[in-house]
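J.: The structure file entry20.cif (mmCIF, C-alpha atoms and all ligand atoms) is provided below.
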```cif
data_my_file
#
loop_
_atom_site.label_atom_id
_atom_site.label_comp_id
_atom_site.auth_asym_id
_atom_site.auth_seq_id
_atom_site.Cartn_x
_atom_site.Cartn_y
_atom_site.Cartn_z
CA MET B 1 10.58 -28.29 -17.79
CA LYS B 2 12.20 -29.25 -21.07
CA LEU B 3 10.68 -28.30 -24.34
CA ASP B 4 10.06 -30.61 -27.27
CA LYS B 5 12.05 -29.01 -30.09
CA THR B 6 10.35 -31.11 -32.75
CA MET B 7 7.02 -29.31 -32.59
CA GLN B 8 5.84 -27.80 -35.84
CA PRO B 9 4.03 -24.53 -36.44
CA ASN B 10 0.33 -24.77 -37.12
CA GLU B 11 -1.60 -22.10 -38.93
CA GLN B 12 -5.04 -22.62 -37.35
CA MET B 13 -4.06 -22.50 -33.73
CA GLU B 14 -6.30 -19.69 -32.65
CA GLU B 15 -9.32 -21.75 -33.66
CA VAL B 16 -7.82 -24.94 -32.33
CA PHE B 17 -7.00 -23.44 -28.96
CA PRO B 18 -9.88 -21.11 -28.11
CA VAL B 19 -8.79 -20.07 -24.65
CA LYS B 20 -11.17 -17.49 -23.27
CA ASP B 21 -9.81 -16.11 -20.03
CA VAL B 22 -7.77 -16.84 -16.93
CA ASP B 23 -9.89 -19.11 -14.71
CA TYR B 24 -7.75 -18.73 -11.58
CA LEU B 25 -4.17 -18.25 -10.44
CA GLU B 26 -2.94 -20.78 -7.90
CA ILE B 27 -0.21 -19.84 -5.45
CA TYR B 28 1.67 -22.54 -3.56
CA THR B 29 2.69 -21.39 -0.12
CA GLY B 30 4.16 -22.62 3.16
CA ASN B 31 1.07 -21.48 5.07
CA ALA B 32 -2.18 -21.15 3.11
CA LYS B 33 -4.17 -19.90 6.07
CA GLN B 34 -1.91 -16.90 6.62
CA SER B 35 -1.36 -16.17 2.90
CA ALA B 36 -5.10 -16.23 2.28
CA HIS B 37 -5.56 -13.87 5.20
CA PHE B 38 -2.98 -11.52 3.65
CA PHE B 39 -4.77 -11.43 0.28
CA ALA B 40 -8.10 -10.87 2.03
CA THR B 41 -7.06 -8.11 4.42
CA THR B 42 -4.61 -6.24 2.16
CA PHE B 43 -5.89 -6.70 -1.42
CA GLY B 44 -9.55 -7.16 -0.51
CA PHE B 45 -10.05 -10.68 -1.90
CA GLU B 46 -13.02 -12.50 -0.40
CA PRO B 47 -12.62 -16.15 0.62
CA ILE B 48 -15.41 -18.06 -1.14
CA ALA B 49 -14.39 -21.73 -1.07
CA TYR B 50 -12.20 -24.11 0.90
CA SER B 51 -10.68 -27.55 0.62
CA GLY B 52 -8.82 -29.29 3.45
CA LEU B 53 -9.17 -31.82 6.24
CA GLU B 54 -12.80 -30.77 6.85
CA THR B 55 -13.70 -31.62 3.24
CA GLY B 56 -11.84 -34.93 3.26
CA ASN B 57 -8.65 -33.58 1.66
CA ARG B 58 -5.78 -35.00 3.71
CA GLU B 59 -2.97 -33.82 1.38
CA SER B 60 -3.42 -30.06 1.07
CA VAL B 61 -5.36 -27.00 2.08
CA SER B 62 -6.74 -24.49 -0.45
CA TYR B 63 -8.58 -21.23 -0.01
CA VAL B 64 -10.33 -19.79 -3.08
CA LEU B 65 -10.46 -15.99 -2.99
CA LYS B 66 -12.41 -13.77 -5.33
CA GLN B 67 -12.75 -10.13 -6.29
CA ARG B 68 -14.89 -9.32 -9.35
CA ASN B 69 -13.26 -11.25 -12.22
CA VAL B 70 -10.15 -12.40 -10.34
CA ARG B 71 -9.94 -15.75 -8.62
CA LEU B 72 -6.92 -16.77 -6.53
CA VAL B 73 -6.38 -20.24 -5.11
CA ILE B 74 -3.96 -20.29 -2.17
CA THR B 75 -2.65 -23.78 -1.48
CA GLY B 76 -0.45 -25.26 1.24
CA SER B 77 0.69 -28.81 2.00
CA LEU B 78 -0.51 -30.95 4.91
CA LYS B 79 2.26 -33.50 4.47
CA GLU B 80 5.99 -33.78 4.23
CA GLU B 81 6.61 -34.89 0.67
CA THR B 82 4.03 -33.47 -1.69
CA LYS B 83 4.33 -31.55 -4.95
CA ILE B 84 3.41 -28.47 -2.95
CA SER B 85 6.08 -28.85 -0.26
CA GLU B 86 8.71 -29.67 -2.91
CA PHE B 87 7.69 -26.58 -4.88
CA VAL B 88 7.86 -24.32 -1.82
CA LYS B 89 11.20 -25.78 -0.75
CA LYS B 90 12.69 -24.98 -4.17
CA HIS B 91 10.97 -21.71 -5.13
CA GLY B 92 9.53 -20.26 -1.95
CA ASP B 93 5.91 -19.13 -2.25
CA GLY B 94 5.02 -18.63 -5.90
CA VAL B 95 2.51 -19.02 -8.71
CA LYS B 96 2.12 -22.68 -9.67
CA ASP B 97 -0.83 -22.49 -12.01
CA ILE B 98 -2.18 -19.99 -14.52
CA ALA B 99 -5.45 -21.82 -15.14
CA LEU B 100 -7.27 -21.07 -18.37
CA VAL B 101 -10.95 -21.32 -19.26
CA VAL B 102 -11.59 -23.41 -22.37
CA GLU B 103 -14.82 -24.52 -23.99
CA ASP B 104 -13.77 -28.07 -24.70
CA VAL B 105 -10.94 -29.56 -22.64
CA GLU B 106 -10.57 -32.71 -24.75
CA SER B 107 -9.90 -30.88 -27.98
CA ALA B 108 -7.87 -28.08 -26.36
CA TYR B 109 -5.60 -30.56 -24.56
CA ASN B 110 -5.24 -33.06 -27.40
CA GLY B 111 -4.53 -30.31 -29.93
CA ALA B 112 -1.99 -28.62 -27.67
CA VAL B 113 -0.16 -31.90 -27.03
CA GLU B 114 -0.11 -32.69 -30.76
CA ARG B 115 1.54 -29.31 -31.33
CA GLY B 116 4.22 -30.04 -28.75
CA ALA B 117 2.73 -28.99 -25.40
CA ILE B 118 4.31 -30.48 -22.30
CA ALA B 119 1.71 -33.12 -21.35
CA ILE B 120 1.11 -33.26 -17.60
CA SER B 121 -2.41 -34.63 -17.00
CA PRO B 122 -4.94 -35.79 -19.59
CA PRO B 123 -8.58 -34.62 -19.28
CA GLN B 124 -10.40 -35.77 -16.17
CA GLU B 125 -13.93 -35.09 -15.06
CA SER B 126 -14.99 -34.52 -11.46
CA THR B 127 -18.58 -34.34 -10.33
CA ASP B 128 -20.63 -33.31 -7.31
CA GLU B 129 -24.23 -32.25 -6.68
CA HIS B 130 -23.60 -28.94 -8.52
CA GLY B 131 -22.49 -30.50 -11.79
CA SER B 132 -19.15 -31.42 -13.35
CA VAL B 133 -15.84 -29.78 -14.18
CA LYS B 134 -13.36 -31.16 -16.71
CA LYS B 135 -9.68 -30.38 -16.29
CA ALA B 136 -6.40 -31.20 -18.02
CA VAL B 137 -2.90 -29.85 -17.43
CA ILE B 138 -0.10 -28.73 -19.72
CA GLY B 139 3.25 -27.37 -18.62
CA THR B 140 4.93 -24.05 -19.27
CA TYR B 141 8.18 -22.39 -18.10
CA GLY B 142 9.86 -23.86 -15.02
CA ASP B 143 7.47 -25.69 -12.70
CA THR B 144 4.58 -23.49 -13.79
CA ILE B 145 1.50 -25.12 -15.34
CA HIS B 146 -1.67 -24.22 -17.23
CA THR B 147 -4.67 -26.16 -16.00
CA LEU B 148 -7.32 -26.09 -18.73
CA VAL B 149 -10.76 -25.80 -17.16
CA GLU B 150 -14.13 -26.57 -18.75
CA ARG B 151 -16.78 -25.43 -16.32
CA SER B 152 -19.87 -24.69 -18.42
CA ASN B 153 -21.73 -27.57 -16.69
CA TYR B 154 -20.89 -26.48 -13.17
CA LYS B 155 -23.04 -24.34 -10.88
CA GLY B 156 -21.20 -24.69 -7.56
CA VAL B 157 -19.04 -22.08 -5.87
CA PHE B 158 -15.72 -23.31 -7.37
CA MET B 159 -15.15 -27.01 -8.14
CA PRO B 160 -15.94 -30.46 -6.81
CA GLY B 161 -13.82 -31.04 -3.69
CA PHE B 162 -14.44 -27.54 -2.37
CA LYS B 163 -17.09 -26.35 0.04
CA GLU B 164 -18.46 -22.87 0.29
CA TYR B 165 -16.44 -20.74 2.71
CA LYS B 166 -18.49 -18.89 5.28
CA ASN B 167 -16.83 -15.64 6.14
CA SER B 168 -16.75 -14.55 9.73
CA THR B 169 -15.36 -11.07 9.04
CA PRO B 170 -16.50 -9.12 5.97
CA VAL B 171 -13.77 -8.24 3.47
CA LYS B 172 -13.44 -4.69 2.14
CA ASP B 173 -13.39 -4.63 -1.67
CA ALA B 174 -10.36 -2.71 -3.05
CA GLY B 175 -11.79 -2.04 -6.51
CA ILE B 176 -9.85 -4.81 -8.30
CA ILE B 177 -11.80 -5.93 -11.37
CA GLY B 178 -9.66 -8.32 -13.40
CA ILE B 179 -6.28 -9.66 -14.47
CA ASP B 180 -4.50 -7.56 -17.09
CA HIS B 181 -1.40 -9.69 -17.64
CA VAL B 182 0.78 -12.35 -16.02
CA VAL B 183 4.53 -12.11 -16.57
CA GLY B 184 7.08 -14.92 -16.65
CA ASN B 185 10.84 -14.66 -16.08
CA VAL B 186 12.75 -17.26 -18.06
CA GLU B 187 16.30 -18.08 -19.13
CA GLN B 188 15.54 -18.33 -22.86
CA MET B 189 12.78 -15.99 -24.01
CA GLU B 190 12.66 -17.29 -27.60
CA GLU B 191 12.02 -20.85 -26.47
CA TRP B 192 8.85 -19.81 -24.62
CA VAL B 193 7.75 -17.30 -27.23
CA GLU B 194 7.78 -20.19 -29.71
CA TYR B 195 5.96 -22.41 -27.24
CA TYR B 196 3.06 -19.98 -26.92
CA GLU B 197 3.03 -19.44 -30.69
CA LYS B 198 3.09 -23.09 -31.67
CA VAL B 199 1.16 -24.73 -28.87
CA MET B 200 -1.43 -22.05 -28.14
CA GLY B 201 -1.54 -19.94 -31.28
CA PHE B 202 -0.55 -16.77 -29.45
CA LYS B 203 1.01 -13.88 -31.32
CA GLU B 204 3.73 -11.47 -30.38
CA MET B 205 2.06 -8.20 -29.41
CA THR B 206 5.10 -6.09 -28.53
CA HIS B 207 8.73 -6.60 -27.78
CA PHE B 208 11.27 -4.68 -25.78
CA THR B 209 14.95 -5.18 -26.31
CA ASP B 210 17.73 -4.53 -23.87
CA LYS B 211 18.14 -1.18 -25.68
CA ASP B 212 14.63 -0.10 -24.64
CA ILE B 213 15.05 -1.22 -21.08
CA ASN B 214 18.59 -0.80 -20.02
CA THR B 215 19.21 1.33 -17.00
CA GLU B 216 22.29 1.14 -14.86
CA TYR B 217 21.80 -2.56 -14.08
CA SER B 218 18.31 -3.84 -14.81
CA ALA B 219 18.83 -4.92 -18.40
CA LEU B 220 16.18 -7.25 -19.76
CA MET B 221 14.46 -8.32 -22.93
CA SER B 222 10.73 -8.87 -23.08
CA LYS B 223 8.13 -10.13 -25.56
CA VAL B 224 4.42 -9.87 -24.89
CA MET B 225 2.45 -12.89 -26.11
CA HIS B 226 -1.32 -12.56 -26.46
CA ASN B 227 -4.27 -14.56 -27.72
CA GLY B 228 -5.98 -11.64 -29.45
CA GLY B 229 -8.40 -11.42 -26.53
CA ARG B 230 -8.06 -11.06 -22.80
CA ILE B 231 -4.87 -13.06 -22.30
CA LYS B 232 -1.51 -11.28 -22.26
CA PHE B 233 1.62 -13.09 -21.12
CA PRO B 234 4.84 -11.03 -21.27
CA ILE B 235 8.03 -13.11 -21.08
CA ASN B 236 11.26 -11.62 -19.75
CA GLU B 237 14.85 -12.74 -20.18
CA PRO B 238 17.85 -11.22 -18.38
CA ALA B 239 20.23 -9.18 -20.52
CA GLU B 240 23.81 -8.14 -19.90
CA GLY B 241 24.01 -4.82 -18.10
CA LYS B 242 26.57 -3.13 -15.95
CA ARG B 243 25.68 -5.40 -13.06
CA LYS B 244 23.15 -8.09 -12.20
CA SER B 245 19.83 -7.90 -14.07
CA GLN B 246 16.69 -7.92 -11.89
CA ILE B 247 15.57 -10.94 -13.95
CA GLN B 248 18.78 -12.76 -13.05
CA GLU B 249 18.19 -11.95 -9.38
CA TYR B 250 14.73 -13.52 -9.71
CA LEU B 251 16.03 -16.64 -11.47
CA GLU B 252 18.63 -17.19 -8.76
CA PHE B 253 16.25 -16.83 -5.83
CA TYR B 254 13.41 -18.74 -7.50
CA ASN B 255 15.83 -21.43 -8.66
CA GLY B 256 14.63 -21.20 -12.23
CA PRO B 257 11.89 -19.69 -14.38
CA GLY B 258 8.51 -18.69 -12.96
CA VAL B 259 5.88 -15.98 -12.65
CA GLN B 260 7.39 -12.59 -11.86
CA HIS B 261 4.33 -10.40 -11.55
CA ILE B 262 0.57 -10.42 -11.73
CA ALA B 263 -0.94 -7.21 -13.09
CA ILE B 264 -4.39 -6.56 -11.65
CA LEU B 265 -6.81 -4.13 -13.22
CA THR B 266 -8.70 -1.43 -11.38
CA GLU B 267 -11.24 1.14 -12.55
CA ASP B 268 -9.95 3.68 -10.06
CA ILE B 269 -6.27 3.35 -9.27
CA VAL B 270 -6.21 6.27 -6.82
CA GLN B 271 -8.93 4.65 -4.73
CA THR B 272 -7.41 1.14 -5.02
CA VAL B 273 -3.87 2.19 -4.15
CA SER B 274 -5.06 4.38 -1.26
CA ALA B 275 -6.93 1.38 0.15
CA LEU B 276 -3.98 -1.00 -0.35
CA LYS B 277 -1.59 1.44 1.33
CA GLU B 278 -3.94 1.84 4.29
CA ASN B 279 -4.01 -1.94 4.48
CA GLY B 280 -0.23 -2.08 4.68
CA VAL B 281 0.79 -3.10 1.13
CA GLU B 282 4.31 -1.85 0.36
CA PHE B 283 4.92 -0.22 -3.03
CA LEU B 284 8.04 0.89 -4.85
CA SER B 285 8.64 4.61 -4.48
CA THR B 286 9.13 7.13 -7.28
CA PRO B 287 11.43 10.17 -7.02
CA ASP B 288 9.83 13.65 -7.01
CA THR B 289 11.67 14.56 -10.22
CA TYR B 290 9.41 12.05 -12.04
CA TYR B 291 6.35 14.17 -11.17
CA GLU B 292 8.05 17.45 -12.04
CA MET B 293 8.33 16.23 -15.64
CA LEU B 294 5.04 14.35 -15.76
CA SER B 295 2.71 16.96 -17.34
CA GLU B 296 5.22 17.60 -20.07
CA ARG B 297 5.52 13.88 -20.78
CA VAL B 298 1.89 12.78 -20.74
CA GLY B 299 -0.12 15.97 -21.30
CA GLU B 300 -3.51 16.44 -19.72
CA ILE B 301 -4.89 13.67 -17.51
CA ASP B 302 -8.03 13.35 -15.37
CA GLU B 303 -6.13 12.66 -12.15
CA GLU B 304 -4.57 15.20 -9.84
CA ILE B 305 -0.78 14.99 -10.16
CA ALA B 306 -0.24 15.89 -6.50
CA ARG B 307 -2.30 12.85 -5.51
CA LEU B 308 -0.44 10.56 -7.92
CA ARG B 309 2.81 11.84 -6.44
CA GLU B 310 1.63 11.15 -2.87
CA LEU B 311 0.80 7.59 -3.88
CA SER B 312 3.81 7.04 -6.25
CA ILE B 313 1.51 6.14 -9.17
CA LEU B 314 3.18 6.15 -12.60
CA VAL B 315 1.58 7.38 -15.86
CA ASP B 316 2.34 6.57 -19.49
CA ARG B 317 0.74 7.68 -22.73
CA ASP B 318 0.57 6.12 -26.20
CA ASP B 319 -1.42 7.03 -29.35
CA GLU B 320 -4.59 5.44 -28.00
CA GLY B 321 -4.71 6.94 -24.54
CA TYR B 322 -2.89 6.63 -21.26
CA LEU B 323 -2.43 4.19 -18.41
CA LEU B 324 -1.63 4.45 -14.72
CA GLN B 325 0.38 1.80 -12.91
CA ILE B 326 2.25 1.03 -9.70
CA PHE B 327 4.32 -1.91 -8.48
CA THR B 328 4.46 -3.52 -5.05
CA LYS B 329 7.67 -4.67 -3.43
CA PRO B 330 7.98 -8.47 -3.49
CA ILE B 331 5.00 -9.94 -1.59
CA VAL B 332 6.90 -13.09 -0.57
CA ASP B 333 10.14 -13.67 1.40
CA ARG B 334 12.38 -13.97 -1.68
CA PRO B 335 12.84 -11.13 -4.21
CA THR B 336 10.58 -12.94 -6.68
CA LEU B 337 6.82 -12.39 -6.96
CA PHE B 338 5.26 -8.91 -6.96
CA ILE B 339 1.95 -7.31 -7.95
CA GLU B 340 1.29 -4.51 -10.43
CA VAL B 341 -1.89 -2.45 -10.16
CA ILE B 342 -2.90 -0.95 -13.50
CA GLN B 343 -5.70 1.26 -14.81
CA ARG B 344 -6.11 1.66 -18.56
CA LYS B 345 -7.60 4.76 -20.08
CA GLY B 346 -7.28 3.70 -23.69
CA ALA B 347 -3.58 2.80 -23.73
CA LYS B 348 -2.79 -0.81 -24.68
CA GLY B 349 0.92 -0.78 -23.78
CA PHE B 350 2.80 -1.81 -20.67
CA GLY B 351 4.17 1.50 -19.42
CA GLU B 352 7.27 1.67 -21.62
CA GLY B 353 7.71 5.35 -20.75
CA ASN B 354 8.03 4.35 -17.10
CA PHE B 355 10.67 1.67 -17.54
CA LYS B 356 13.56 3.92 -16.57
CA ALA B 357 11.95 5.30 -13.39
CA LEU B 358 10.58 1.87 -12.51
CA PHE B 359 13.79 -0.04 -13.00
CA GLU B 360 15.80 2.53 -11.11
CA SER B 361 13.39 2.04 -8.23
CA ILE B 362 13.81 -1.75 -8.48
CA GLU B 363 17.59 -1.26 -8.50
CA ARG B 364 17.43 0.75 -5.28
CA GLU B 365 15.72 -2.25 -3.68
CA GLN B 366 18.19 -4.69 -5.27
CA GLU B 367 21.02 -2.68 -3.76
CA LEU B 368 19.45 -2.87 -0.28
CA ARG B 369 19.27 -6.64 -0.74
CA GLY B 370 22.94 -6.82 -1.70
CA ASN B 371 22.07 -8.36 -5.09
CA LEU B 372 23.64 -6.08 -7.67
O1 LIG B 401 4.65 -6.09 -17.68
C1 LIG B 401 5.38 -5.21 -18.05
O2 LIG B 401 5.97 -5.29 -19.13
C2 LIG B 401 5.50 -3.96 -17.22
C3 LIG B 401 6.89 -3.52 -16.99
O3 LIG B 401 10.76 -6.71 -14.65
C4 LIG B 401 7.83 -4.43 -16.34
O4 LIG B 401 4.84 -4.14 -16.03
C5 LIG B 401 8.64 -5.21 -17.10
C6 LIG B 401 9.62 -5.98 -16.54
C7 LIG B 401 9.78 -5.97 -15.17
C8 LIG B 401 8.95 -5.22 -14.36
C9 LIG B 401 7.97 -4.47 -14.96
FE FE B 402 3.42 -5.55 -16.07
#
```
What is this structure when it is put down as C-alpha cells?
T.:
Amino acid sequence: MKLDKTMQPNEQMEEVFPVKDVDYLEIYTGNAKQSAHFFATTFGFEPIAYSGLETGNRESVSYVLKQRNVRLVITGSLKEETKISEFVKKHGDGVKDIALVVEDVESAYNGAVERGAIAISPPQESTDEHGSVKKAVIGTYGDTIHTLVERSNYKGVFMPGFKEYKNSTPVKDAGIIGIDHVVGNVEQMEEWVEYYEKVMGFKEMTHFTDKDINTEYSALMSKVMHNGGRIKFPINEPAEGKRKSQIQEYLEFYNGPGVQHIAILTEDIVQTVSALKENGVEFLSTPDTYYEMLSERVGEIDEEIARLRELSILVDRDDEGYLLQIFTKPIVDRPTLFIEVIQRKGAKGFGEGNFKALFESIEREQELRGNL
C-alpha cells in the first residue's frame, strides 16, 4: 500500500481518533477449518461464531474464536479468485486485519481519511435481529488493514452474517487474557511511524536502534507506537548486520510488510506455557547460560528459576517491575508469523534485556532454514 505523503500533522488526533481496543485479529488462511482447530486445541481459543455456506456465505468461511478479551477470526476462501485466496497465494497464512473498536465509525473514518489514511471502505451498517454493527476500513502497512468497528448497538455473538457456533468438544482455557501488542515488519519504519502519528494520533513510546539490537545477524530497528491506552503497535525495520536480518527474512517470505508477531497476555505464564507445550506448541529455546546469570540480572522474582528454565521463559526488569515472555517458532509454513506470550508484573517495556538471547535463538532457527 502506498502512503499519501501530503498528509499534515494534526494536534488533536487523540480526541479525533478515540480508538479503545483491538476488536479482533483476522487471519487469512488456506484452510480455516484446520487453522481454527489449531488455535482451539493448542492455544485454548473457543469457537463462538461461524460464517460459511450454512449461513448463506458462498465466498468465504470464518470461525470466530475467543478467550477472555482476545477474539480471533480465522478466514478461508471458498472460491478461486477472492481477496483471501490472492492474499494467501502472496503471503501464505497471515494477519489481514487488526480491527479496532471505535465509538463513532463515521467520525473516526472521516477524520482519519482527512489526515491521510489509506481509504479502503467507507462506513457501512449491517443489521440482524440482535442489532447493528457499523464498520469502515482503512489501510496500513502492506496488505494489512484496520477495520474500525462500532458495536455498541449490537447484542449478538459477533456480527450480522455470523451464527453462534455450537461446540461439540469443550476447549481447555490456557489462561490467555488479552492482547498486549501487535508488531509489524516493514521496509521503511519512519513512513509507518508517521502514519500512526498523523492519521491516528499515536505517540512514540520507545525506540530501539540497530545498536540496541544487533547480534551476529539479526539487526533491526524498532519504534513502539501507542495510543496512550491499551493499543501498542511496535514497527520493525531490517538493519544492516553481518548477515541477513530476521526482518529481511520475513519481508522476503511474506513478499512485503505485514504482522510479525501477536503478543498475548497471561496472568500466569508458567501455567499458560506448560499448557501450550502439552498441547504441542513449539517455542524457541534458551541456552542454560541465560538462567545461570538470571538472578544477578533481574534480582528477586516470584517464580522458581528452575521452572522458568525448564520452560525456556525469559525475564526482564525495568524501574517499574519485571516481565516474563516467551516466543513460539513460526506458527505458519513460512518463517513469518509467530506468537509471544507475555506476563507483566509492573514492567512496561518489551523485554529489551532479552533481545540478545532471543535474537540468537532466532538466528539458530534462521540458520536451520538456510536463510542467513
Ligand atoms: O515486541 C517486541 O519488541 C519484543 C521483542 O523481531 C522483539 O517482543 C522484537 C523484534 C523481533 C522479535 C521480538
Ligand atoms: Fe513483542
J.: Name each residue within 8 Å of ligand FE 402 (chain B), counting only C-alpha atoms and all ligand atoms, as JSON, numbers by chain.
T.: {"B": [181, 182, 183, 234, 261, 262, 263, 340, 350, 351]}
J.: Could you list, as a PyMOL selection string, all protein and nucleic acid residues with an atom at most 9 Å from ligand LIG 401 (chain B), counting all atoms listed in the file?
T.: chain B and resi 181-183+185+208+213+218+220-224+233-236+246-247+260-263+325-327+340+342+349-352+354-355+358-359+362
J.: Which residues are near Val19 of chain B? Cut-off 7 Å, all atoms listed in the file, ignore same chain within fewer than 6 positions. Put them as a list of chain:residue names.
T.: B:Leu100, B:Val101, B:Val102
J.: How would you write as a PDB file with C-alpha atoms, in the coordinates of the input the residues that get within 9 Å of (-2.8, -20.1, 0.0) in the file's frame, counting only C-alpha atoms?
T.:
```pdb
ATOM      1  CA  GLU B  26      -2.940 -20.780  -7.900  1.00  0.00           C
ATOM      2  CA  ILE B  27      -0.210 -19.840  -5.450  1.00  0.00           C
ATOM      3  CA  TYR B  28       1.670 -22.540  -3.560  1.00  0.00           C
ATOM      4  CA  THR B  29       2.690 -21.390  -0.120  1.00  0.00           C
ATOM      5  CA  GLY B  30       4.160 -22.620   3.160  1.00  0.00           C
ATOM      6  CA  ASN B  31       1.070 -21.480   5.070  1.00  0.00           C
ATOM      7  CA  ALA B  32      -2.180 -21.150   3.110  1.00  0.00           C
ATOM      8  CA  LYS B  33      -4.170 -19.900   6.070  1.00  0.00           C
ATOM      9  CA  GLN B  34      -1.910 -16.900   6.620  1.00  0.00           C
ATOM     10  CA  SER B  35      -1.360 -16.170   2.900  1.00  0.00           C
ATOM     11  CA  ALA B  36      -5.100 -16.230   2.280  1.00  0.00           C
ATOM     12  CA  HIS B  37      -5.560 -13.870   5.200  1.00  0.00           C
ATOM     13  CA  PHE B  39      -4.770 -11.430   0.280  1.00  0.00           C
ATOM     14  CA  VAL B  61      -5.360 -27.000   2.080  1.00  0.00           C
ATOM     15  CA  SER B  62      -6.740 -24.490  -0.450  1.00  0.00           C
ATOM     16  CA  TYR B  63      -8.580 -21.230  -0.010  1.00  0.00           C
ATOM     17  CA  VAL B  64     -10.330 -19.790  -3.080  1.00  0.00           C
ATOM     18  CA  LEU B  72      -6.920 -16.770  -6.530  1.00  0.00           C
ATOM     19  CA  VAL B  73      -6.380 -20.240  -5.110  1.00  0.00           C
ATOM     20  CA  ILE B  74      -3.960 -20.290  -2.170  1.00  0.00           C
ATOM     21  CA  THR B  75      -2.650 -23.780  -1.480  1.00  0.00           C
ATOM     22  CA  GLY B  76      -0.450 -25.260   1.240  1.00  0.00           C
TER      23      GLY B  76
END
```
J.: Might you pull out every residue within 12 Å of Thr140 of chain B, with all atoms listed in the file counted and same-chain residues fewer than 5 positions away left off, and present them as a ChimeraX atom specification?
T.: /B:1-4,95-99,112,116-120,145-147,184-186,191-196,199-200,233,235,257-259
J.: Select, counting all atoms listed in the file, all protein, DNA and RNA residues no farther than 7 Å from (-21.2, -27.4, -15.9) in file coordinates, and express the selection as a VMD selection string.
T.: chain B and resid 131 to 133 151 to 155
J.: Select, from B:Ser107, B:Thr206, B:Thr336, B:Ser245, the residue with the minimum atom-to-atom distance to Lys348 of chain B, counting all atoms listed in the file.
T.: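 Closest residue, counting all atoms listed in the file: B:Thr206.
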J.: Please determine an axis-aligned box that encloses all atoms of segment 53-70 of chain B listed in the file, with 8 Å added on each side, and express its centre and edge lengths in Å to one decimal as AutoDock Vina command-line options.
T.:
```
--center_x -8.9 --center_y -22.2 --center_z -2.7 --size_x 27.9 --size_y 41.7 --size_z 35.1
```
J.: Extract, using all atoms listed in the file, all DNA, RNA and protein residues at most 7 Å from Leu372 of chain B, discarding same-chain residues fewer than 3 positions from it, and format them as a ChimeraX atom specification.
T.: /B:243-244,366-367
